[in-house]
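Report on the following structure.
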Amino acid sequence: FNFNIGEWTDGLVAILVREAVSDTSDNKNWVVFDGPVDAIWIENMNTVLDDNKMLCLSNGERIKLPPTMTMMFEVQDLKVASPATVSRCGMVYLEPVHLGWKPLVNTWAEHFHDRFPAYSENLRQWTLNVCEVALPFIREQCKEAPGIPSLDANLVTAFLRMLTTFISTRHCFVPEGEVSKDVKSETHLAVLLRLYCAFSAIWSLGGNIHESSRDAFQDFLRGHLAAFCPEIPDCNLYTICVDDAEATFMPIANVVPAFSYDEAVPFFNILVPTPETAMQRLLVENLMHSGFHTLFSGETGVGKSVGIQQFLNTAGDSFVVAGANFSAQTSSSNVVDFLENRLEKKRKTLLGAPPGMLMLMFIDDVNMPMLEKYGA
């Protein structure tokens, strides 16, 4: 309710329900609520969930839901849900073991086959073989970064996204139906395929492993990677990258840029390039070009913000950059304001980056905002 003009404005649920009600066809419409159940708003849904199927808004308006419309709630628990709400819904309990991670790989391979039919089956089989042995080892023998637990599906999804990122036109691979001036030989591409699959496995499955467990993970994984990639070296696997031109592994130290001191740069913004920062930049730059969201995690003071900011400052003319610092008092309305102020209005309901540009949004301290009463 806007006290200045004395009018009600529809919220998100009212807008979605109106759209679904306006559909007069026989198609089923689903409104999905993803997040913790709040004891206040869920009670207001009781008239929607019972036989009346009536949405009662705060302004006194009532919206009758058609038989083709269904509400679905995806929640972690039912701690604050009342028996009245629970009795009105059918309950389906999902466990990670039932679905597993293999459907993710198979689905990805089907989509990947459309662009690279010659490589999809090999990558699918290599990914399945590596994940089947690596995931149990990580859970039983390795220690993950403190405070940042992962699920098997997280690690496998990261693996597949890295494969999509590196098996691309940026790295000499030409999709089906496209033409490129600089075409490498089939032998060259076959070697690159193996190298990038191994490289992706190291930095996805092993990306969230604590420093103290990296040696054990490397020693375990090396033999399994060598089964399809005999080019795997005996050195530290976290210190190598792929040379596209020669189709070989090379030390990341070979691509560390030279440091030039600039007196005009504030002391705390100076970043001296090291093999670690070069590897971070290689990963984030490729993921950004592929359009994947990236989470940089680590303890306070290890240089996450400085490293990312250094990349953003030199990202190139094809990117436009926006940044926001979250704090304990950051609210959802603050985030909406940030997005609306940084993006251009394309249409009435569409915001986007400037024409011909990609927008990179850097959210610093994303873990800082306080949780609401019910966990949102």
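Residues are named by chain letter and number: chains run A, B, ... in the order of the structure tokens, numbers start at 1 in each chain, and ligands are numbered from 1 in the order shown.
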Practice item. Report the residues of region 164-260 of chain A whose backbone DSSP state falls under strand (DSSP E), written as a list in words. Key: Ile240, Cys241, Val242, Asp243, Thr248, Phe249, Met250 and Pro251 of chain A
Exercise for review: Per DSSP on the backbone, filter region 70-113 of chain A down to the residues in helix (DSSP H, G or I) and report them as a list in words.
Suggested key: Pro83, Ala84, Thr85, Val86, Ser87, Pro96, Val97, His98, Leu99, Lys102, Pro103, Leu104, Val105, Asn106, Thr107, Trp108, Ala109, Glu110, His111, Phe112 and His113 of chain A
Practice item. Determine, counting only C-alpha atoms, which protein, DNA and RNA residues have an atom within 10 Å of an atom of region 256-259 of chain A; residues of the same chain fewer than 5 positions away are not included. Present the result as JSON, numbers by chain. Key: {"A": [251, 270, 271, 272, 273, 274, 275, 276, 277, 278, 279]}
Against region 158-165 of chain A, which residues of region 234-293 of chain A fall within 7 Å? For each one I want the closest pair of atoms and the distance in Å (one decimal), counting only C-alpha atoms, rows by chain and increasing residue number, as a tab-separated table.
```
residue	atom	partner	partner_atom	distance
A:Asn286	CA	A:Thr165	CA	6.4
A:Leu287	CA	A:Thr165	CA	6.1
A:Ser290	CA	A:Thr165	CA	5.6
```
Could you take the residues named above and write them with C-alpha atoms, as a PDB file, in the first residue's frame?
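New file part.pdb:
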```pdb
ATOM      1  CA  ASN A 286      37.004 -18.077 -19.260  1.00  0.00           C
ATOM      2  CA  LEU A 287      33.925 -18.612 -17.104  1.00  0.00           C
ATOM      3  CA  SER A 290      31.031 -18.376 -21.295  1.00  0.00           C
TER       4      SER A 290
END
```
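Proximity ranking of A:Thr9, A:Ser87, A:Ser180, A:Gln125 relative to Asn59 (chain A) places A:Thr9 first, based on only C-alpha atoms.
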Point to revise | Contact residues around region 322-331 of chain A with only C-alpha atoms at 12 Å, ignoring same-chain residues under 3 positions, as a ChimeraX atom specification | key: /A:305,308-309,312-313,319,334-343,353,358-372,376
For those residues, write C-alpha atoms to a file as a short mmCIF file (atom, residue, chain, number, x, y, z; two decimals), in the first residue's frame.
```
data_model
loop_
_atom_site.label_atom_id
_atom_site.label_comp_id
_atom_site.auth_asym_id
_atom_site.auth_seq_id
_atom_site.Cartn_x
_atom_site.Cartn_y
_atom_site.Cartn_z
CA SER A 305 38.25 -8.84 -3.80
CA ILE A 308 38.55 -9.95 -8.92
CA GLN A 309 38.75 -6.16 -9.09
CA LEU A 312 37.33 -6.32 -13.86
CA ASN A 313 39.58 -3.29 -14.37
CA PHE A 319 32.28 -5.87 -20.79
CA ASN A 334 18.55 -2.75 -1.84
CA VAL A 335 19.46 -5.48 -4.32
CA VAL A 336 16.50 -4.57 -6.56
CA ASP A 337 17.57 -0.91 -6.51
CA PHE A 338 21.14 -1.90 -7.38
CA LEU A 339 20.01 -3.94 -10.38
CA GLU A 340 17.56 -1.32 -11.64
CA ASN A 341 20.11 1.48 -11.35
CA ARG A 342 22.89 -0.38 -13.15
CA LEU A 343 20.88 -1.95 -15.97
CA ALA A 353 23.18 -4.46 -20.33
CA LEU A 358 28.08 -8.08 -21.43
CA MET A 359 27.58 -6.82 -17.88
CA LEU A 360 29.72 -8.28 -15.09
CA MET A 361 28.24 -7.74 -11.63
CA PHE A 362 30.66 -8.10 -8.74
CA ILE A 363 28.90 -8.75 -5.42
CA ASP A 364 31.41 -8.42 -2.57
CA ASP A 365 30.71 -10.13 0.79
CA VAL A 366 27.62 -11.93 -0.51
CA ASN A 367 27.39 -13.86 2.79
CA MET A 368 27.01 -10.75 4.97
CA PRO A 369 23.23 -9.93 4.90
CA MET A 370 21.41 -11.05 8.03
CA LEU A 371 18.84 -13.82 7.71
CA GLU A 372 15.21 -12.96 8.17
CA ALA A 376 15.22 -16.32 4.09
#
```
**Study point:** Near-region 93-109 of chain A list (7 Å; only C-alpha atoms; drop same-chain fewer than 4 positions) as a PyMOL selection string
**Key:** chain A and resi 113+120-121+124+152-153+156
Could you save those same residues with all heavy atoms as a PDB file, in the first residue's frame?
```
ATOM      1  N   HIS A 113      25.972 -32.493 -27.480  1.00  0.00           N
ATOM      2  CA  HIS A 113      26.053 -33.221 -28.754  1.00  0.00           C
ATOM      3  C   HIS A 113      25.577 -32.355 -29.917  1.00  0.00           C
ATOM      4  O   HIS A 113      26.035 -32.531 -31.061  1.00  0.00           O
ATOM      5  CB  HIS A 113      25.218 -34.500 -28.664  1.00  0.00           C
ATOM      6  CG  HIS A 113      25.279 -35.357 -29.892  1.00  0.00           C
ATOM      7  ND1 HIS A 113      24.395 -35.204 -30.957  1.00  0.00           N
ATOM      8  CD2 HIS A 113      26.124 -36.360 -30.253  1.00  0.00           C
ATOM      9  CE1 HIS A 113      24.685 -36.084 -31.899  1.00  0.00           C
ATOM     10  NE2 HIS A 113      25.725 -36.793 -31.498  1.00  0.00           N
ATOM     11  N   SER A 120      31.066 -35.405 -27.663  1.00  0.00           N
ATOM     12  CA  SER A 120      30.157 -35.510 -26.515  1.00  0.00           C
ATOM     13  C   SER A 120      30.211 -36.874 -25.833  1.00  0.00           C
ATOM     14  O   SER A 120      30.210 -36.960 -24.600  1.00  0.00           O
ATOM     15  CB  SER A 120      28.726 -35.197 -26.946  1.00  0.00           C
ATOM     16  OG  SER A 120      28.291 -36.104 -27.943  1.00  0.00           O
ATOM     17  N   GLU A 121      30.269 -37.955 -26.605  1.00  0.00           N
ATOM     18  CA  GLU A 121      30.239 -39.279 -25.997  1.00  0.00           C
ATOM     19  C   GLU A 121      31.515 -39.562 -25.209  1.00  0.00           C
ATOM     20  O   GLU A 121      31.462 -40.111 -24.093  1.00  0.00           O
ATOM     21  CB  GLU A 121      30.026 -40.350 -27.070  1.00  0.00           C
ATOM     22  CG  GLU A 121      29.946 -41.776 -26.525  1.00  0.00           C
ATOM     23  CD  GLU A 121      28.889 -41.952 -25.453  1.00  0.00           C
ATOM     24  OE1 GLU A 121      27.849 -41.272 -25.508  1.00  0.00           O
ATOM     25  OE2 GLU A 121      29.115 -42.767 -24.524  1.00  0.00           O
ATOM     26  N   ARG A 124      31.369 -37.547 -22.015  1.00  0.00           N
ATOM     27  CA  ARG A 124      30.395 -38.129 -21.087  1.00  0.00           C
ATOM     28  C   ARG A 124      30.990 -39.326 -20.348  1.00  0.00           C
ATOM     29  O   ARG A 124      30.881 -39.432 -19.121  1.00  0.00           O
ATOM     30  CB  ARG A 124      29.138 -38.554 -21.856  1.00  0.00           C
ATOM     31  CG  ARG A 124      27.995 -39.030 -20.954  1.00  0.00           C
ATOM     32  CD  ARG A 124      26.856 -39.609 -21.776  1.00  0.00           C
ATOM     33  NE  ARG A 124      27.212 -40.924 -22.285  1.00  0.00           N
ATOM     34  CZ  ARG A 124      27.047 -42.064 -21.611  1.00  0.00           C
ATOM     35  NH1 ARG A 124      26.543 -42.049 -20.386  1.00  0.00           N
ATOM     36  NH2 ARG A 124      27.403 -43.209 -22.134  1.00  0.00           N
ATOM     37  N   ASP A 152      27.481 -33.407  -4.024  1.00  0.00           N
ATOM     38  CA  ASP A 152      28.025 -34.042  -5.228  1.00  0.00           C
ATOM     39  C   ASP A 152      27.519 -33.349  -6.489  1.00  0.00           C
ATOM     40  O   ASP A 152      28.269 -33.156  -7.454  1.00  0.00           O
ATOM     41  CB  ASP A 152      27.637 -35.527  -5.258  1.00  0.00           C
ATOM     42  CG  ASP A 152      28.392 -36.336  -4.200  1.00  0.00           C
ATOM     43  OD1 ASP A 152      29.312 -35.760  -3.581  1.00  0.00           O
ATOM     44  OD2 ASP A 152      28.057 -37.510  -4.003  1.00  0.00           O
ATOM     45  N   ALA A 153      26.250 -32.960  -6.470  1.00  0.00           N
ATOM     46  CA  ALA A 153      25.679 -32.290  -7.646  1.00  0.00           C
ATOM     47  C   ALA A 153      26.377 -30.952  -7.910  1.00  0.00           C
ATOM     48  O   ALA A 153      26.548 -30.561  -9.074  1.00  0.00           O
ATOM     49  CB  ALA A 153      24.179 -32.080  -7.456  1.00  0.00           C
ATOM     50  N   VAL A 156      29.766 -31.820  -9.661  1.00  0.00           N
ATOM     51  CA  VAL A 156      29.578 -32.329 -11.020  1.00  0.00           C
ATOM     52  C   VAL A 156      29.117 -31.206 -11.949  1.00  0.00           C
ATOM     53  O   VAL A 156      29.576 -31.105 -13.093  1.00  0.00           O
ATOM     54  CB  VAL A 156      28.564 -33.492 -11.023  1.00  0.00           C
ATOM     55  CG1 VAL A 156      28.241 -33.920 -12.457  1.00  0.00           C
ATOM     56  CG2 VAL A 156      29.125 -34.681 -10.237  1.00  0.00           C
TER      57      VAL A 156
END
```
Review point. To one decimal place, how far is CA of Ala14 (chain A) from CA of Trp30 (chain A) in Å?
Key: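 Separating CA of Ala14 (chain A) from CA of Trp30 (chain A) is a distance of 13.7 Å.
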Exercise for review: Pick out the residues sitting within 9 Å of Met71 (chain A), and hand them over as a list in words; count only C-alpha atoms, and ignore anything fewer than 6 positions along from it in its own chain.
Suggested key: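 Once the nearby chain positions are removed, what remains is Asn29, Trp30, Val31, Val32, Phe33, Val48 and Leu49 of chain A.
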Requested write-out: N, CA, C and O atoms of the selected residues, as a tab-separated table (two decimals), in the first residue's frame:
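Output file again_18.tsv is given in full below:
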```
chain	number	residue	atom	x	y	z
A	29	ASN	N	-1.05	-24.56	-15.22
A	29	ASN	CA	-0.19	-23.47	-14.75
A	29	ASN	C	0.28	-23.77	-13.34
A	29	ASN	O	-0.54	-24.08	-12.46
A	30	TRP	N	1.59	-23.69	-13.13
A	30	TRP	CA	2.18	-23.97	-11.83
A	30	TRP	C	2.82	-22.70	-11.30
A	30	TRP	O	3.58	-22.03	-11.99
A	31	VAL	N	2.53	-22.36	-10.05
A	31	VAL	CA	3.21	-21.27	-9.36
A	31	VAL	C	4.09	-21.91	-8.28
A	31	VAL	O	3.58	-22.56	-7.36
A	32	VAL	N	5.41	-21.76	-8.42
A	32	VAL	CA	6.37	-22.44	-7.55
A	32	VAL	C	6.95	-21.45	-6.55
A	32	VAL	O	7.50	-20.42	-6.95
A	33	PHE	N	6.85	-21.76	-5.27
A	33	PHE	CA	7.44	-20.96	-4.19
A	33	PHE	C	8.70	-21.66	-3.70
A	33	PHE	O	8.62	-22.77	-3.18
A	48	VAL	N	-6.30	-20.62	-0.60
A	48	VAL	CA	-5.87	-21.02	-1.94
A	48	VAL	C	-5.72	-22.53	-2.02
A	48	VAL	O	-6.06	-23.16	-3.04
A	49	LEU	N	-5.25	-23.12	-0.93
A	49	LEU	CA	-4.91	-24.55	-0.96
A	49	LEU	C	-6.11	-25.46	-0.69
A	49	LEU	O	-6.04	-26.65	-1.00
```
Check your understanding: Do you know which residues are at most 7 Å from region 75-78 of chain A counting only C-alpha atoms, after dropping those on the same chain fewer than 2 positions away, and could you put them as a ChimeraX atom specification?
Key -> /A:34-37,73,80-81
Point to revise | Given only C-alpha atoms as the counted atoms, nearest of A:Cys241, A:Cys229, A:Cys131, A:Ile5 to Phe199 (chain A) | key: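 For Phe199 (chain A), the nearest of the given residues is A:Cys241.
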Review point. Rounded to one decimal in Å, what is the spacing between CA of Phe311 (chain A) and CA of Arg281 (chain A)?
Key: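 That distance, rounded to one decimal, is 6.6 Å.
Between CA of Ala39 (chain A) and CA of Gly375 (chain A) the separation is 11.4 Å.
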Practice item. Measuring atom to atom with only C-alpha atoms, identify which of A:Glu178, A:Ala227, A:Val320, A:Ser333 is nearest to Gly352 (chain A). Key: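 Using only C-alpha atoms, the shortest distance to Gly352 (chain A) belongs to A:Val320.
If only C-alpha atoms are the atoms counted, then among A:Ser185, A:Gln141, A:Asn154, A:Thr349 the closest residue to Leu205 (chain A) is A:Asn154.
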Check your understanding: Taking into account only C-alpha atoms, which residue in the set A:Glu211, A:Asp182, A:Glu110, A:Asp234 is nearest to Pro146 (chain A)?
Key ->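 Among A:Glu211, A:Asp182, A:Glu110, A:Asp234, it is A:Glu211 that comes nearest to Pro146 (chain A).
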